[in-house]
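Have a look at protein.tsv below; it lists TSV, C-alpha atoms.
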```tsv
chain	number	residue	atom	x	y	z
A	1	MET	CA	89.95	87.05	87.63
A	2	LEU	CA	91.89	86.05	84.49
A	3	LEU	CA	91.70	87.98	81.21
A	4	VAL	CA	92.67	86.60	77.81
A	5	GLN	CA	93.18	88.42	74.50
A	6	PHE	CA	92.75	86.50	71.26
A	7	LYS	CA	91.57	86.64	67.67
A	8	ASN	CA	88.27	85.07	66.71
A	9	GLU	CA	87.82	82.83	63.66
A	10	GLN	CA	87.28	85.90	61.48
A	11	GLY	CA	90.54	87.48	62.65
A	12	ALA	CA	88.96	90.19	64.80
A	13	ARG	CA	90.42	90.90	68.23
A	14	GLN	CA	88.47	90.04	71.36
A	15	VAL	CA	89.09	89.98	75.10
A	16	GLY	CA	87.35	87.86	77.68
A	17	VAL	CA	87.30	86.38	81.17
A	18	LEU	CA	88.81	82.90	81.39
A	19	GLU	CA	86.90	80.43	83.54
A	20	GLN	CA	88.45	76.95	83.27
A	21	ASN	CA	88.29	76.26	79.49
A	22	THR	CA	85.64	78.87	78.72
A	23	ILE	CA	86.38	82.43	77.62
A	24	ARG	CA	83.40	84.69	78.41
A	25	ILE	CA	83.74	87.46	75.84
A	26	ILE	CA	83.49	91.08	76.99
A	27	ASP	CA	81.10	93.31	75.06
A	28	GLY	CA	82.11	96.77	73.91
A	29	TYR	CA	85.87	96.23	74.19
A	30	SER	CA	88.22	94.41	71.83
A	31	THR	CA	91.45	94.79	73.85
A	32	THR	CA	92.70	94.74	77.42
A	33	TYR	CA	94.23	98.15	76.75
A	34	ALA	CA	90.81	99.65	75.91
A	35	LEU	CA	89.35	98.13	79.07
A	36	ALA	CA	92.16	99.54	81.19
A	37	GLN	CA	91.95	103.02	79.70
A	38	ASP	CA	88.19	103.15	80.20
A	39	ALA	CA	88.53	101.96	83.80
A	40	ILE	CA	91.11	104.68	84.44
A	41	ARG	CA	88.98	107.41	82.89
A	42	LYS	CA	85.85	106.29	84.74
A	43	SER	CA	87.75	105.86	88.05
A	44	VAL	CA	86.44	102.33	88.50
A	45	GLY	CA	88.23	99.06	89.24
A	46	LEU	CA	89.11	96.88	86.27
A	47	ALA	CA	87.39	93.82	87.73
A	48	ALA	CA	84.17	95.79	88.30
A	49	LEU	CA	84.19	97.11	84.73
A	50	VAL	CA	84.80	93.63	83.36
A	51	GLU	CA	81.99	92.06	85.38
A	52	LYS	CA	79.63	94.77	84.14
A	53	SER	CA	80.65	94.24	80.52
A	54	VAL	CA	80.78	90.44	80.14
A	55	GLY	CA	78.30	89.30	77.51
A	56	ALA	CA	76.68	86.00	76.57
A	57	GLN	CA	79.14	85.00	73.84
A	58	THR	CA	81.83	82.44	74.69
A	59	ALA	CA	84.81	80.72	73.11
A	60	ALA	CA	86.73	77.57	74.05
A	61	PHE	CA	90.25	78.39	75.23
A	62	ASP	CA	91.72	75.09	74.01
A	63	ALA	CA	90.34	75.67	70.52
A	64	VAL	CA	91.70	79.23	70.42
A	65	ALA	CA	95.13	78.04	71.61
A	66	ALA	CA	95.23	75.10	69.19
A	67	ALA	CA	94.43	77.43	66.28
A	68	GLY	CA	97.28	79.79	67.22
A	69	ARG	CA	94.91	82.69	67.90
A	70	LEU	CA	96.12	83.69	71.37
A	71	LEU	CA	97.56	87.18	71.84
A	72	SER	CA	99.72	88.55	74.64
A	73	PRO	CA	97.50	89.63	77.55
A	74	LEU	CA	98.27	93.37	77.18
A	75	ASP	CA	99.63	95.32	74.23
A	76	HIS	CA	99.51	98.66	72.44
A	77	THR	CA	98.54	99.35	68.83
A	78	ASP	CA	101.99	100.93	68.37
A	79	ASP	CA	104.79	98.62	69.54
A	80	ALA	CA	107.03	101.63	70.15
A	81	HIS	CA	104.71	102.66	72.99
A	82	THR	CA	105.36	99.46	74.94
A	83	TYR	CA	108.43	99.22	77.18
A	84	VAL	CA	109.64	95.75	78.13
A	85	THR	CA	112.02	95.90	81.10
A	86	GLY	CA	113.02	93.87	84.12
A	87	THR	CA	114.92	93.51	87.34
A	88	GLY	CA	117.41	90.86	88.41
A	89	LEU	CA	118.95	89.49	91.60
A	90	THR	CA	115.56	89.81	93.28
A	91	HIS	CA	114.78	86.21	94.28
A	92	LEU	CA	115.89	84.14	97.24
A	93	GLY	CA	115.48	80.83	95.45
A	94	SER	CA	113.89	77.67	96.76
A	95	ALA	CA	114.21	76.88	100.44
A	96	ASP	CA	117.09	74.46	99.93
A	97	THR	CA	119.23	77.09	98.18
A	98	ARG	CA	118.59	80.06	100.46
A	99	ASP	CA	121.06	79.01	103.14
A	100	ALA	CA	123.81	78.54	100.57
A	101	MET	CA	123.02	81.95	99.06
A	102	HIS	CA	123.19	83.66	102.45
A	103	LYS	CA	126.56	82.04	103.09
A	104	LYS	CA	127.80	83.43	99.77
A	105	ILE	CA	126.87	86.99	100.73
A	106	GLY	CA	128.09	86.81	104.31
A	107	GLY	CA	131.34	88.24	105.63
A	108	ASP	CA	133.32	91.12	104.18
A	109	VAL	CA	131.37	93.07	101.54
A	110	GLU	CA	134.54	94.01	99.67
A	111	SER	CA	135.30	90.34	99.01
A	112	LEU	CA	132.01	89.83	97.17
A	113	SER	CA	131.52	90.01	93.41
A	114	ASP	CA	129.49	92.95	92.13
A	115	SER	CA	126.51	90.65	91.58
A	116	MET	CA	126.66	89.30	95.12
A	117	LYS	CA	126.99	92.84	96.47
A	118	MET	CA	123.83	93.78	94.60
A	119	PHE	CA	122.02	90.72	95.89
A	120	ARG	CA	123.11	91.45	99.46
A	121	MET	CA	121.87	95.05	99.14
A	122	GLY	CA	118.47	93.70	98.15
A	123	VAL	CA	118.35	91.25	101.05
A	124	GLU	CA	119.22	94.03	103.49
A	125	GLY	CA	117.14	96.86	102.01
A	126	GLY	CA	114.73	95.59	99.36
A	127	LYS	CA	111.69	95.40	101.64
A	128	PRO	CA	111.24	98.86	103.18
A	129	ALA	CA	108.33	99.95	105.33
A	130	ALA	CA	105.15	100.84	103.48
A	131	GLY	CA	105.50	104.22	101.76
A	132	ALA	CA	109.30	104.25	101.98
A	133	ALA	CA	111.81	103.63	99.19
A	134	GLY	CA	114.19	100.73	99.60
A	135	VAL	CA	117.44	99.95	97.82
A	136	GLN	CA	117.15	100.03	94.04
A	137	PRO	CA	117.49	96.72	92.16
A	138	GLU	CA	119.49	95.74	89.13
A	139	TRP	CA	117.47	96.98	86.13
A	140	PHE	CA	117.57	96.26	82.41
A	141	TYR	CA	115.82	97.28	79.20
A	142	LYS	CA	114.66	94.37	77.07
A	143	GLY	CA	112.89	95.90	74.09
A	144	ASP	CA	109.58	97.30	72.87
A	145	GLY	CA	106.28	95.61	72.13
A	146	SER	CA	107.61	93.94	69.00
A	147	ILE	CA	109.62	91.44	71.07
A	148	VAL	CA	106.64	90.03	73.01
A	149	ALA	CA	105.49	86.57	71.88
A	150	ALA	CA	102.11	85.17	72.85
A	151	SER	CA	101.71	81.59	74.01
A	152	GLY	CA	102.03	79.32	71.00
A	153	GLN	CA	104.32	81.65	69.09
A	154	ASP	CA	108.03	81.00	68.57
A	155	LEU	CA	110.77	82.58	70.62
A	156	ALA	CA	113.03	83.47	67.71
A	157	MET	CA	116.64	84.16	68.66
A	158	PRO	CA	119.18	85.76	66.30
A	159	ASP	CA	121.74	83.48	64.71
A	160	PHE	CA	124.57	85.36	66.41
A	161	ALA	CA	123.27	84.38	69.87
A	162	LEU	CA	125.41	81.98	71.88
A	163	ASP	CA	122.45	80.61	73.82
A	164	GLY	CA	118.69	80.81	74.11
A	165	GLY	CA	117.56	79.94	77.60
A	166	GLU	CA	114.33	80.35	79.52
A	167	GLU	CA	113.74	82.51	82.58
A	168	PRO	CA	110.41	81.70	84.29
A	169	GLU	CA	109.15	84.91	85.81
A	170	VAL	CA	106.15	86.94	86.88
A	171	ALA	CA	105.66	90.23	85.03
A	172	GLY	CA	103.73	93.31	86.07
A	173	LEU	CA	101.58	94.82	83.30
A	174	TYR	CA	100.88	98.57	83.38
A	175	VAL	CA	99.11	101.36	81.52
A	176	ILE	CA	99.97	105.01	82.04
A	177	GLY	CA	96.92	107.21	82.51
A	178	ASP	CA	96.24	110.51	80.79
A	179	ASP	CA	97.67	112.34	83.80
A	180	GLY	CA	100.94	110.38	83.82
A	181	GLN	CA	99.88	108.09	86.68
A	182	PRO	CA	101.02	104.46	86.29
A	183	TYR	CA	98.23	101.90	86.79
A	184	ARG	CA	98.94	98.22	87.28
A	185	VAL	CA	96.49	96.27	85.13
A	186	GLY	CA	97.62	92.94	86.56
A	187	PHE	CA	100.24	90.22	86.43
A	188	ALA	CA	101.16	87.44	84.00
A	189	ILE	CA	103.63	84.61	83.88
A	190	GLY	CA	106.40	85.05	81.37
A	191	ASN	CA	109.50	83.56	79.84
A	192	GLU	CA	111.95	86.45	79.99
A	193	PHE	CA	114.45	84.50	77.79
A	194	SER	CA	118.10	85.43	77.64
A	195	ASP	CA	121.51	84.57	76.21
A	196	HIS	CA	123.15	83.23	79.35
A	197	VAL	CA	126.40	82.21	77.65
A	198	THR	CA	126.98	85.79	76.53
A	199	GLU	CA	126.11	87.07	80.00
A	200	ARG	CA	128.53	84.64	81.64
A	201	GLN	CA	131.43	86.00	79.61
A	202	ASN	CA	131.17	89.21	81.59
A	203	TYR	CA	128.31	90.64	83.65
A	204	LEU	CA	128.73	93.90	81.71
A	205	TYR	CA	127.28	91.99	78.74
A	206	LEU	CA	123.94	91.81	80.56
A	207	ALA	CA	122.39	94.37	78.21
A	208	HIS	CA	123.40	92.38	75.12
A	209	SER	CA	122.11	89.14	76.65
A	210	LYS	CA	118.71	90.64	77.47
A	211	LEU	CA	117.92	92.34	74.15
A	212	ARG	CA	115.84	89.39	72.98
A	213	VAL	CA	112.27	88.21	72.56
A	214	CYS	CA	110.17	87.06	75.50
A	215	GLY	CA	107.03	85.04	76.08
A	216	LEU	CA	104.06	86.42	78.01
A	217	GLY	CA	100.72	85.06	79.16
A	218	PRO	CA	98.44	83.60	78.06
A	219	ALA	CA	96.30	85.08	80.85
A	220	LEU	CA	96.43	88.30	82.88
A	221	LEU	CA	95.69	88.01	86.59
A	222	VAL	CA	93.66	91.03	87.75
A	223	GLY	CA	94.39	92.29	91.26
A	224	GLU	CA	97.31	91.57	93.55
A	225	ALA	CA	99.84	88.81	92.94
A	226	PRO	CA	99.85	85.87	95.37
A	227	ALA	CA	102.45	86.28	98.13
A	228	SER	CA	103.87	82.87	97.28
A	229	ILE	CA	103.92	81.52	93.75
A	230	GLU	CA	105.12	78.04	92.87
A	231	GLY	CA	105.28	76.84	89.31
A	232	THR	CA	107.16	74.45	87.08
A	233	SER	CA	109.53	75.23	84.23
A	234	ARG	CA	109.89	72.53	81.56
A	235	ILE	CA	111.70	71.92	78.30
A	236	TYR	CA	110.22	69.49	75.78
A	237	ASP	CA	112.36	67.92	73.08
A	238	LYS	CA	111.34	67.88	69.42
A	239	GLU	CA	109.31	64.71	69.96
A	240	GLY	CA	107.32	66.32	72.76
A	241	LYS	CA	108.98	64.46	75.64
A	242	VAL	CA	110.00	66.29	78.81
A	243	ARG	CA	113.76	66.80	78.65
A	244	TRP	CA	114.13	68.92	81.80
A	245	GLU	CA	111.83	70.26	84.49
A	246	LYS	CA	112.23	72.06	87.77
A	247	PRO	CA	109.99	73.99	90.17
A	248	PHE	CA	110.36	77.74	90.43
A	249	PHE	CA	109.31	80.06	93.22
A	250	SER	CA	108.21	83.68	93.06
A	251	GLY	CA	105.99	86.10	94.92
A	252	GLU	CA	107.16	88.41	97.69
A	253	GLN	CA	107.66	85.58	100.20
A	254	ASN	CA	110.38	84.25	97.89
A	255	MET	CA	111.89	87.60	96.95
A	256	SER	CA	114.41	90.00	98.47
A	257	HIS	CA	112.40	92.99	97.19
A	258	THR	CA	108.76	93.95	97.47
A	259	ILE	CA	106.81	94.47	94.26
A	260	ALA	CA	106.13	98.03	95.43
A	261	ASN	CA	109.85	98.72	95.74
A	262	LEU	CA	110.57	97.38	92.25
A	263	GLU	CA	107.72	99.50	90.88
A	264	HIS	CA	108.95	102.58	92.73
A	265	HIS	CA	112.39	102.39	91.18
A	266	HIS	CA	111.01	101.82	87.68
A	267	PHE	CA	108.39	104.54	87.62
A	268	LYS	CA	110.49	107.18	89.36
A	269	TYR	CA	111.72	108.18	85.89
A	270	PRO	CA	109.55	110.71	83.99
A	271	LEU	CA	110.30	108.81	80.76
A	272	PHE	CA	108.26	105.90	82.08
A	273	LYS	CA	105.21	107.99	82.93
A	274	ARG	CA	104.27	109.06	79.41
A	275	PRO	CA	100.47	109.04	79.04
A	276	GLY	CA	99.11	106.11	77.07
A	277	ASP	CA	102.22	103.92	77.23
A	278	VAL	CA	102.21	100.24	78.19
A	279	HIS	CA	104.87	98.67	80.43
A	280	VAL	CA	105.76	95.00	80.83
A	281	HIS	CA	108.15	94.66	83.77
A	282	PHE	CA	109.71	91.30	84.65
A	283	PHE	CA	110.45	90.75	88.34
A	284	GLY	CA	113.26	88.19	88.14
A	285	THR	CA	113.82	84.48	88.69
A	286	ALA	CA	115.97	81.98	90.56
A	287	THR	CA	115.54	78.92	88.30
A	288	LEU	CA	117.38	78.39	85.01
A	289	SER	CA	117.97	75.24	82.96
A	290	VAL	CA	121.37	76.59	81.94
A	291	ALA	CA	122.43	76.15	85.58
A	292	ASP	CA	121.99	72.40	84.97
A	293	ASN	CA	124.10	72.61	81.80
A	294	ILE	CA	121.07	72.35	79.52
A	295	VAL	CA	121.49	73.76	76.02
A	296	VAL	CA	118.07	74.23	74.42
A	297	GLN	CA	117.95	73.36	70.72
A	298	PRO	CA	115.84	74.99	67.99
A	299	GLY	CA	112.58	73.09	67.68
A	300	GLU	CA	112.39	72.36	71.42
A	301	THR	CA	109.64	73.94	73.50
A	302	PHE	CA	109.66	75.95	76.71
A	303	GLU	CA	106.74	75.61	79.12
A	304	ILE	CA	106.18	77.90	82.11
A	305	ASP	CA	103.34	76.65	84.29
A	306	ALA	CA	101.99	78.38	87.40
A	307	PRO	CA	98.35	77.37	88.05
A	308	GLN	CA	97.48	80.64	89.82
A	309	PHE	CA	97.98	82.38	86.46
A	310	GLY	CA	95.85	80.05	84.40
A	311	PRO	CA	97.04	77.95	81.45
A	312	ALA	CA	100.73	77.34	80.86
A	313	LEU	CA	102.86	79.53	78.59
A	314	ARG	CA	104.39	77.53	75.73
A	315	ASN	CA	106.86	78.76	73.13
A	316	LYS	CA	109.09	76.90	70.70
A	317	LEU	CA	112.69	78.01	70.18
A	318	SER	CA	113.63	79.03	66.65
A	319	VAL	CA	116.54	80.88	65.03
A	320	PHE	CA	116.41	83.64	62.45
A	321	LYS	CA	119.16	84.82	60.14
A	322	THR	CA	120.31	88.36	60.86
A	323	GLU	CA	121.63	90.85	58.34
A	324	VAL	CA	123.82	93.41	60.04
A	325	ALA	CA	122.98	96.85	58.71
A	326	LYS	CA	125.85	98.83	57.27
A	327	VAL	CA	125.62	102.48	58.18
A	328	LYS	CA	125.56	104.96	55.32
A	329	THR	CA	126.69	108.55	55.56
A	330	LEU	CA	124.19	111.15	54.38
```
Transcribe the structure of this file into structure tokens.
Amino acid sequence: MLLVQFKNEQGARQVGVLEQNTIRIIDGYSTTYALAQDAIRKSVGLAALVEKSVGAQTAAFDAVAAAGRLLSPLDHTDDAHTYVTGTGLTHLGSADTRDAMHKKIGGDVESLSDSMKMFRMGVEGGKPAAGAAGVQPEWFYKGDGSIVAASGQDLAMPDFALDGGEEPEVAGLYVIGDDGQPYRVGFAIGNEFSDHVTERQNYLYLAHSKLRVCGLGPALLVGEAPASIEGTSRIYDKEGKVRWEKPFFSGEQNMSHTIANLEHHHFKYPLFKRPGDVHVHFFGTATLSVADNIVVQPGETFEIDAPQFGPALRNKLSVFKTEVAKVKTL
């Protein structure tokens, strides 16, 4: 089941089930968040509540997308109550790169870089037995709900950025119940987006490189994520021609960590179990255009396409002028 949030022609919010190009609008709920909270409070599955609430009204997805009326698949009315976070060094890569990666992490641990040590720890301990905690992954904070761009919206990077590059990923979407219990609403494809040139200067600049916008959606996949996910990441030039494309692989079969282990190490902190909050948690990637020496230009478009998650995510790169605030003493 795929859910889509959007605005109708009058500007009112709606949520519906996506079936091919048709959005079957859900009655009684205007947001995914409201659906999730009601499902939690009624102790029913989200899919069951949706099936019970789908009405007769429909909308055409292509028309909604063309009009720029798509919204991210899960949000909160107050952006400050949405955490956007992620984990890195979690993916094994495509089959033809796995052997090379294992060779890099073989031998004496002390001879490895810190990043390779972290990756090796994940390979060795990221998939514990059910109910057990494995090794913790690399983790980063990305921002709050204000940084999330829906499909069709720009990914606007600050003018001080040294790079704006895509990261095709799967994200887990969560709502925290009234009792502090995290509930996974579903999964969505995303463009985690990062400043890779800044990060390459020194891995300790990871936090600076990640504090950026991201793309999410357009659809939310209800239920478990497929064990193996294969999609395509593309960059279109300003004329709409494909400039670069490459397959990407995700899902637990292509990862060094289980989703459960990544969730365990995120939600073990009381801060992340505040009732009513929304969490968007990116699970990492192994495919980047910057690795092929691609420098994406403003006006070019990113496309992340994984058919199991519905329509492709598309965002154009733009740049905004920043004004550095000067601190005043009170």
Would you place a box with edges along x, y and z of the file around all atoms of stretch 144-163 of chain A listed there, add 8 Å to each of its six sides, and report the centre and edge lengths in Å to one decimal, as lines of an AutoDock Vina configuration file?
```
center_x = 113.6
center_y = 88.3
center_z = 69.4
size_x = 39.7
size_y = 34.0
size_z = 25.3
```
Rank A:Thr329, A:Ser72, A:Thr58, A:Ser53 by their smallest atom-to-atom distance to A:Gln5, using all atoms listed in the file, and report the top residue only.
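Checking each candidate against A:Gln5, we get A:Ser72 as the closest.
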What's the 8 Å shell around A:Trp244, counting all atoms listed in the file, without same-chain residues fewer than 6 positions away, as a PyMOL selection string?
chain A and resi 234-236+289
Point-to-point distance in Å for atom CA of A:Ala149 and atom CA of A:Cys214:
5.9 Å
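Note that atom CA of A:Ala47 and atom CA of A:Pro311 are 19.6 Å apart.
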Could you give me, as JSON, numbers by chain, the residues within 12 Å of A:Asp75, counting all atoms listed in the file and dropping anything in the same chain fewer than 6 positions from it?
{"A": [4, 5, 6, 13, 15, 30, 31, 32, 33, 34, 35, 36, 81, 82, 83, 84, 144, 145, 146, 147, 148, 149, 150, 173, 174, 175, 185, 216, 217, 220, 276, 277, 278, 279, 280]}
Spatial neighbours of stretch 177-182 of chain A, 6 Å, all atoms listed in the file, chain gap at least 4 places, as a list in words
Lys273, Arg274, Pro275 and Gly276 of chain A
May I ask for the distance between atom CA of A:Leu206 and atom CA of A:Phe140, given in Å to one decimal place?
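For atom CA of A:Leu206 relative to atom CA of A:Phe140, the distance reads 8.0 Å.
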Sel. within 9 Å of pt (117.9, 83.1, 85.5), counting only C-alpha atoms, output as a list in words:
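Collected hits near the coordinates: Gly88, Leu89, Gly165, Glu166, Glu167, Pro168, Glu169, Glu192, Phe193, Ser194, His196, Gly284, Thr285, Ala286, Thr287, Leu288, Ser289, Val290 and Ala291 of chain A.
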Kindly assemble as a tab-separated table a list of the stretch 186-277 of chain A residues that lie within 9 Å of stretch 313-317 of chain A, each paired with its nearest atom pair and their distance in Å to one decimal, using only C-alpha atoms, sorted first by chain and then by ascending residue number.
```
residue	atom	partner	partner_atom	distance
A:Ile189	CA	A:Leu313	CA	7.4
A:Gly190	CA	A:Leu313	CA	7.1
A:Asn191	CA	A:Leu313	CA	7.9
A:Gly215	CA	A:Asn315	CA	6.9
A:Leu216	CA	A:Leu313	CA	7.0
A:Gly217	CA	A:Leu313	CA	6.0
A:Pro218	CA	A:Leu313	CA	6.0
A:Ala219	CA	A:Leu313	CA	8.9
```
Excluding A:Asn21 and any residue of its chain fewer than 5 positions from it, enumerate the residues within 8 Å of it, using all atoms listed in the file, and give them as a ChimeraX atom specification.
/A:60-62
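Distance check against A:Asn254 using only C-alpha atoms: of A:Pro226, A:Pro307, A:Gly28, A:Gly164, the minimum falls on A:Pro226.
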Shortest interatomic distance to A:Leu49 - which of A:Leu211, A:Ala66, A:Val222, A:Val123, counting only C-alpha atoms
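The closest residue to A:Leu49 is A:Val222.
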Have a look at A:Glu300, A:Glu51, A:Asp78, A:Glu323 and name the one nearest to A:Asp27; count only C-alpha atoms.
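Looking only at the distances to A:Asp27, the closest residue turns out to be A:Glu51.
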Could you pull the residues within 8 Å of A:Gly251, counting all atoms listed in the file, minus those fewer than 6 positions along the same chain, as a PyMOL selection string?
chain A and resi 225-229
Looking at all atoms listed in the file, which of A:Thr90, A:Gln201, A:Gln297, A:Gln308 is the one that sits closest to A:Glu138?
A:Thr90
Pick out the closest residue to A:His281 from this set: A:Arg212, A:His91, A:Arg200, A:Lys142. Count only C-alpha atoms.
A:Lys142
Only C-alpha atoms needed: put stretch 8-90 of chain A from the block into a file as an mmCIF file, in the first residue's frame.
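Heads up, here's the output in part06.cif:
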```
data_model
loop_
_atom_site.group_PDB
_atom_site.id
_atom_site.type_symbol
_atom_site.label_atom_id
_atom_site.label_comp_id
_atom_site.auth_asym_id
_atom_site.auth_seq_id
_atom_site.Cartn_x
_atom_site.Cartn_y
_atom_site.Cartn_z
ATOM 1 C CA ASN A 8 -6.218 19.791 -3.755
ATOM 2 C CA GLU A 9 -7.051 22.538 -6.263
ATOM 3 C CA GLN A 10 -8.498 24.661 -3.448
ATOM 4 C CA GLY A 11 -5.303 24.377 -1.405
ATOM 5 C CA ALA A 12 -6.697 22.036 1.252
ATOM 6 C CA ARG A 13 -4.594 19.097 2.394
ATOM 7 C CA GLN A 14 -5.616 15.553 1.538
ATOM 8 C CA VAL A 15 -4.140 12.070 1.844
ATOM 9 C CA GLY A 16 -4.932 9.057 -0.267
ATOM 10 C CA VAL A 17 -3.968 5.597 -1.478
ATOM 11 C CA LEU A 18 -1.982 5.585 -4.715
ATOM 12 C CA GLU A 19 -2.986 2.928 -7.232
ATOM 13 C CA GLN A 20 -1.081 3.410 -10.503
ATOM 14 C CA ASN A 21 -2.020 7.002 -11.501
ATOM 15 C CA THR A 22 -5.107 7.235 -9.295
ATOM 16 C CA ILE A 23 -5.138 8.632 -5.765
ATOM 17 C CA ARG A 24 -8.131 7.253 -3.831
ATOM 18 C CA ILE A 25 -8.781 9.948 -1.242
ATOM 19 C CA ILE A 26 -9.252 8.942 2.390
ATOM 20 C CA ASP A 27 -12.305 10.339 4.164
ATOM 21 C CA GLY A 28 -12.066 11.856 7.622
ATOM 22 C CA TYR A 29 -8.307 12.460 7.571
ATOM 23 C CA SER A 30 -6.343 15.230 5.876
ATOM 24 C CA THR A 31 -2.823 14.066 6.793
ATOM 25 C CA THR A 32 -0.774 10.908 7.170
ATOM 26 C CA TYR A 33 0.070 12.074 10.682
ATOM 27 C CA ALA A 34 -3.618 12.138 11.682
ATOM 28 C CA LEU A 35 -4.085 8.654 10.247
ATOM 29 C CA ALA A 36 -1.080 7.332 12.145
ATOM 30 C CA GLN A 37 -2.101 8.887 15.451
ATOM 31 C CA ASP A 38 -5.620 7.506 15.155
ATOM 32 C CA ALA A 39 -4.295 4.041 14.292
ATOM 33 C CA ILE A 40 -2.028 4.162 17.346
ATOM 34 C CA ARG A 41 -4.814 5.276 19.677
ATOM 35 C CA LYS A 42 -7.249 2.681 18.323
ATOM 36 C CA SER A 43 -4.593 -0.090 18.386
ATOM 37 C CA VAL A 44 -5.262 -0.997 14.763
ATOM 38 C CA GLY A 45 -2.923 -1.436 11.805
ATOM 39 C CA LEU A 46 -2.463 1.554 9.530
ATOM 40 C CA ALA A 47 -3.370 -0.410 6.398
ATOM 41 C CA ALA A 48 -6.599 -1.652 8.005
ATOM 42 C CA LEU A 49 -7.591 1.873 9.040
ATOM 43 C CA VAL A 50 -6.849 3.197 5.564
ATOM 44 C CA GLU A 51 -8.879 0.490 3.820
ATOM 45 C CA LYS A 52 -11.806 1.244 6.120
ATOM 46 C CA SER A 53 -11.590 4.980 5.440
ATOM 47 C CA VAL A 54 -11.041 5.208 1.672
ATOM 48 C CA GLY A 55 -13.880 7.108 0.036
ATOM 49 C CA ALA A 56 -15.213 7.479 -3.498
ATOM 50 C CA GLN A 57 -13.345 10.673 -4.391
ATOM 51 C CA THR A 58 -10.202 10.384 -6.529
ATOM 52 C CA ALA A 59 -7.461 12.552 -7.995
ATOM 53 C CA ALA A 60 -4.965 11.967 -10.804
ATOM 54 C CA PHE A 61 -1.413 11.701 -9.480
ATOM 55 C CA ASP A 62 0.162 13.089 -12.657
ATOM 56 C CA ALA A 63 -2.061 16.170 -12.513
ATOM 57 C CA VAL A 64 -1.255 16.753 -8.838
ATOM 58 C CA ALA A 65 2.487 16.375 -9.502
ATOM 59 C CA ALA A 66 2.424 18.612 -12.586
ATOM 60 C CA ALA A 67 0.659 21.341 -10.594
ATOM 61 C CA GLY A 68 3.298 21.220 -7.843
ATOM 62 C CA ARG A 69 0.783 20.120 -5.211
ATOM 63 C CA LEU A 70 2.617 17.096 -3.813
ATOM 64 C CA LEU A 71 3.630 17.145 -0.144
ATOM 65 C CA SER A 72 6.183 15.016 1.689
ATOM 66 C CA PRO A 73 4.568 11.705 2.703
ATOM 67 C CA LEU A 74 4.715 12.420 6.469
ATOM 68 C CA ASP A 75 5.076 15.688 8.344
ATOM 69 C CA HIS A 76 4.082 17.549 11.502
ATOM 70 C CA THR A 77 2.223 20.848 11.790
ATOM 71 C CA ASP A 78 5.219 22.199 13.734
ATOM 72 C CA ASP A 79 8.506 21.631 11.883
ATOM 73 C CA ALA A 80 10.386 21.713 15.181
ATOM 74 C CA HIS A 81 8.677 18.451 16.136
ATOM 75 C CA THR A 82 10.195 16.565 13.195
ATOM 76 C CA TYR A 83 13.701 15.124 13.501
ATOM 77 C CA VAL A 84 15.566 14.338 10.289
ATOM 78 C CA THR A 85 18.521 12.040 10.949
ATOM 79 C CA GLY A 86 20.462 9.261 9.288
ATOM 80 C CA THR A 87 23.090 6.573 9.415
ATOM 81 C CA GLY A 88 26.104 6.024 7.177
ATOM 82 C CA LEU A 89 28.510 3.240 6.247
ATOM 83 C CA THR A 90 25.594 0.809 6.281
#
```
